Amino acid sequence: MTEFNLEQVAGELNRRQSSGSDDASGTERLDHWLAALVHRYGSDLLLVEGAPPCIRKDGEVRRIASTVLDGPEIEAAVLPALTPHALERFREKGIADSSYRITGLGRFRINLHRERSRSAAAIRALPTRVPLLRELHLPASVENLSRLPRGLVLLGGPAGCGKSTTMAALINEINHRDSRHIVIIEDPIEYEHTHVRSVVEQIEIGTDAPDFPTALQAALRQAPDVIVVGEMRDPETMRIAVAASETGHLVLSTLHTLDVASTISRICDSFPLERQNSIRQELALAVAAVHTQILLPKRGGGRVPAAELLMAAYGARHHIRRNALQHLHQEIALTKKKGSFTLEDSLVQLIQSGQIDREEALHCSIHPDDLDILLKAAASAHHA
């Protein structure tokens, strides 16, 4: 981890605080750290007892001060920034998510939690502009997801892999192209959308609705064309989302998963054993596509996404019904004409374009033998 001087951003914070532009009380220390995050172009601020304040930049953790923190210090810095709902939830459950805005610096997503019985926080800097899909450097066929008329679209990937960014970019495509009613439910709101050709409603859990199931059930009475569920957290949210996608809505949501098969499995396994077979039948009818992605270190700095996409067809639905999810990988290969592609297809493109090296691709490949075959075929085609 490397360390840098905060003096370059202290002046701006002092100016804002002395002018009274910071509405929050008691957040000066947190604001100071977040200013460092923004000016250093980091993605996350990490506050953990026994370590100094750190930021994450391009996947690496870097110190922004030398003094180590303790749990009470972290609470004192972060609690004043929480919304009343998040503060109540943290006191009851020991974990809470909240949005936070600093005039002149931007918006942030706070996750305050407990680790080893001590308070810790991970705070994400939220972009001020909704990205264009082409700016994300994903395979071109991902744009097909924004053109689906109905059904359930699941976006999977580990934490911090850009799922929410991809989903926001897809909604942005719809918003600029189609005249539709879009309802977005998040905890907290990440990207702020404006009305372009579509009408976009954004509901924040804890501020506008108490929880995802309540907000989702209410959204169905608002005549939406597109529903976005920030994250599938519980069986009730999953049940309503699946039902909504069966009745003519386009529903998009994210899950913390690694590949197409585990994304489907995560939903089914969330239900009691006696309910899993029926949810598989419903999910097989509802699912329109499953997209997963990861972020890899890019040559020359930064990170680049590698992705996998299954456009659901008869074969995939059949395997979901039978719980034969191990066959979904071959279904991706069989539906490439519909826009599907494997993670290995994506990795080969990144290698050929010089964005990642072969060793990095092999390290993260789920099917390294397939990757090796694809690379040999690409090399043969190049020399032919």
# chains A, B, ... in the order shown; residues from 1 in each chain; ligands from 1

call {"tool": "residues_around", "arguments": {"residues": "A:Arg303", "least_positions_apart": "4", "cutoff": "8 Å", "atoms": "only C-alpha atoms", "output": "list in words"}}
result
Asp58, Gly59, Leu295, Leu296, Pro297 and Lys298 of chain A

call {"tool": "closest_atom_pairs", "arguments": {"of": "stretch 79-161 of chain A", "to": "stretch 336-357 of chain A", "cutoff": "12 Å", "atoms": "only C-alpha atoms", "output": "CSV"}}
result
residue,atom,partner,partner_atom,distance
A:His137,CA,A:Leu350,CA,9.9
A:Leu138,CA,A:Ser346,CA,8.5
A:Pro139,CA,A:Ser346,CA,7.2
A:Ala140,CA,A:Gly339,CA,8.7
A:Ser141,CA,A:Gly339,CA,5.3
A:Val142,CA,A:Gly339,CA,7.7
A:Glu143,CA,A:Gly339,CA,9.4
A:Asn144,CA,A:Gly339,CA,7.4
A:Leu145,CA,A:Gly339,CA,9.5
A:Leu148,CA,A:Lys338,CA,11.9
A:Gly157,CA,A:Leu343,CA,11.9

call {"tool": "residues_around", "arguments": {"residues": "stretch 283-291 of chain A", "least_positions_apart": "6", "cutoff": "7 Å", "atoms": "only C-alpha atoms", "output": "PyMOL selection string"}}
result
chain A and resi 151-156+242+245-246+260+308-312+317+320-321

call {"tool": "atom_distance", "arguments": {"atom1": "atom CA of A:Thr83", "atom2": "atom CA of A:Asp44"}}
result
19.5 Å

call {"tool": "closest_residue", "arguments": {"among": "A:Gly248, A:Pro80, A:Leu34, A:Val68", "to": "A:Gly106", "atoms": "only C-alpha atoms"}}
result
A:Leu34

call {"tool": "closest_residue", "arguments": {"among": "A:Asp225, A:Glu282, A:Glu274, A:Glu231", "to": "A:Thr257", "atoms": "only C-alpha atoms"}}
result
A:Glu231

call {"tool": "residues_around", "arguments": {"residues": "A:Ile123", "least_positions_apart": "5", "cutoff": "12 Å", "atoms": "only C-alpha atoms", "output": "number ranges by chain"}}
result
A: 30-31, 33-34, 37-38, 42-48, 53-56, 74, 78, 81-82, 96-101, 107-113, 160, 188

call {"tool": "write_last_selection", "arguments": {"atoms": "C-alpha atoms", "output": "tab-separated table (two decimals), in the first residue's frame"}}
result
chain	number	residue	atom	x	y	z
A	30	LEU	CA	-15.42	11.62	6.99
A	31	ASP	CA	-15.68	14.44	4.44
A	33	TRP	CA	-11.32	11.21	3.79
A	34	LEU	CA	-13.92	11.22	1.02
A	37	LEU	CA	-10.96	9.44	-2.34
A	38	VAL	CA	-12.43	11.71	-5.01
A	42	GLY	CA	-10.39	5.98	-6.05
A	43	SER	CA	-13.47	3.80	-6.01
A	44	ASP	CA	-13.89	2.98	-2.30
A	45	LEU	CA	-12.95	4.31	1.13
A	46	LEU	CA	-12.17	1.54	3.65
A	47	LEU	CA	-12.34	2.22	7.39
A	48	VAL	CA	-11.31	-0.80	9.48
A	53	PRO	CA	-7.98	5.05	6.39
A	54	CYS	CA	-7.43	3.47	2.96
A	55	ILE	CA	-8.82	3.88	-0.53
A	56	ARG	CA	-9.15	1.37	-3.34
A	74	ILE	CA	-15.17	4.97	12.80
A	78	VAL	CA	-19.76	7.71	9.89
A	81	ALA	CA	-23.76	10.76	7.73
A	82	LEU	CA	-26.39	7.98	7.85
A	96	ALA	CA	-26.73	-0.63	7.28
A	97	ASP	CA	-26.51	0.91	3.81
A	98	SER	CA	-27.06	4.61	3.24
A	99	SER	CA	-26.57	7.28	0.61
A	100	TYR	CA	-24.59	10.41	1.41
A	101	ARG	CA	-24.04	13.60	-0.56
A	107	ARG	CA	-22.64	11.19	-3.82
A	108	PHE	CA	-21.49	8.13	-1.90
A	109	ARG	CA	-22.89	4.76	-0.84
A	110	ILE	CA	-22.07	3.93	2.78
A	111	ASN	CA	-21.99	0.39	4.15
A	112	LEU	CA	-21.45	0.45	7.91
A	113	HIS	CA	-21.06	-2.98	9.45
A	160	GLY	CA	-17.23	-4.30	-7.06
A	188	PRO	CA	-29.42	3.27	-1.81

call {"tool": "select_by_dssp", "arguments": {"residues": "stretch 90-288 of chain A", "states": "strand (DSSP E)", "output": "number ranges by chain"}}
result
A: 96-102, 106-115, 118-126, 151-156, 181-186, 199-204, 226-229, 250-255, 287-288

call {"tool": "residues_around", "arguments": {"residues": "A:Glu173", "least_positions_apart": "5", "cutoff": "9 Å", "atoms": "only C-alpha atoms", "output": "count of residues only"}}
result
7

call {"tool": "closest_residue", "arguments": {"among": "A:Leu170, A:Leu258, A:Ile95, A:Ile64", "to": "A:Cys364", "atoms": "only C-alpha atoms"}}
result
A:Leu258

call {"tool": "closest_residue", "arguments": {"among": "A:Ala378, A:Ala307, A:Ala65, A:Leu216", "to": "A:Thr237", "atoms": "only C-alpha atoms"}}
result
A:Leu216

call {"tool": "atom_distance", "arguments": {"atom1": "atom CA of A:Pro158", "atom2": "atom CA of A:Ile294"}}
result
6.9 Å

call {"tool": "select_by_dssp", "arguments": {"residues": "stretch 113-348 of chain A", "states": "alpha helix (DSSP H)", "output": "VMD selection string"}}
result
chain A and resid 163 to 177 212 to 219 235 to 246 260 to 269 273 to 286 314 to 322 328 to 334 343 to 348
